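Visitor: Handing you a structure now.
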Amino acid sequence: KWLKTGKADKGIVAPDGLKKTLSLRLDKLHRRALRQGKKFLTLSEAQQHDVRKRLKRLRYLIEFAAPLFANHDVKTMTTALKPVQDALGGYNDELMALHAQRAAVEASPNAWFGVGWLAARKQSNAKRCLKAIKAFAELKPFWHR
């Protein structure tokens, strides 16, 4: 059926152990990302970026493992991950812009405006990230079912 429609109903039959192995890896990534993510406001910028990278790897692994699980469960999880990744991506983009503006201050004093504006947004953007992470953490992982 999946060849005709491109969709699997209830997951495909996989070699013994593959689903379990992927579930364990998904669990490890999920657990680590959320454990660190729940402390997002107290993390260094590098650690915050690590949270973002872990959640990206989690999404990639979910997409890789998707054929082994029910389509609806996978879709629910990837849909729930989108606002988290959007918040973290926006936060990271503004951090990079802040660093660029700071570097430009010596050559162009007008860059101070950008520094001030971006620095003022940093805390509220970090809180938006934490809120998104906590909302995602409420979802029970489909690989536990």
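Each chain in the structure tokens gets a letter, A, B and so on, in the order shown; residues start at 1 in every chain, and ligands are counted from 1 in the order they appear.
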Please, which residues in segment 108-131 of chain A fall within 7 Å of segment 39-54 of chain A when counting only C-alpha atoms, and what is the closest atom pair and distance in Å to one decimal for each, ordered by chain then residue number, as a tab-separated table?

Guide:
```
residue	atom	partner	partner_atom	distance
A:Ala126	CA	A:Leu41	CA	6.3
A:Lys127	CA	A:Leu41	CA	7.0
A:Leu130	CA	A:Phe40	CA	6.0
```

Visitor: Which residues come within 9 Å of segment 27-30 of chain A, counting only C-alpha atoms, excluding same-chain residues fewer than 3 positions away, as a PyMOL selection string?

Guide: chain A and resi 22-24+33-35+54-55+57-58+137+141+143-144

Visitor: Output as CSV one row per residue of segment 35-99 of chain A within 9 Å of segment 105-115 of chain A: the closest atom pair and its distance in Å to one decimal place, counting only C-alpha atoms, sorted by chain and residue number ascending.

Guide:
```
residue,atom,partner,partner_atom,distance
A:Ala97,CA,A:Gly114,CA,8.4
A:Leu98,CA,A:Val115,CA,5.7
A:His99,CA,A:Val115,CA,8.1
```

Visitor: Could you jot down the atom CA of Arg128 of chain A to atom CA of Ala103 of chain A separation for me, Å, one decimal place?

Guide: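 So the two atoms, atom CA of Arg128 of chain A and atom CA of Ala103 of chain A, lie 26.1 Å apart.
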
Visitor: Apply DSSP to the structure's backbone, then extract all residues of chain A labelled alpha helix (DSSP H) and return them as a ChimeraX atom specification.

Guide: /A:2-5,18-37,45-65,71-104,111-137

Visitor: Could you tell me which of A:Leu61, A:Glu138, A:Ala119, A:Lys38 comes closest to Thr21 of chain A if we count only C-alpha atoms?

Guide: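 Nearest to Thr21 of chain A: A:Leu61.
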
Visitor: Within 9 Å of Arg59 of chain A, counting only C-alpha atoms, which residues qualify if same-chain residues fewer than 6 places away don't, as a count of residues only?

Guide: 3

Visitor: What does the structure give for the distance between atom CA of Thr79 of chain A and atom CA of Met96 of chain A, in Å to one decimal?

Guide: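 These two atoms are separated by 26.3 Å.
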
Visitor: How many Å separate atom CA of Ala87 of chain A from atom CA of Arg145 of chain A?

Guide: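 Separation between atom CA of Ala87 of chain A and atom CA of Arg145 of chain A: 28.0 Å.
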
Visitor: Which is closer to Ala132 of chain A than all the others in A:Asn92, A:Gly37, A:Glu63, A:Lys56, using only C-alpha atoms?

Guide: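 Smallest separation from Ala132 of chain A among the options: A:Gly37.
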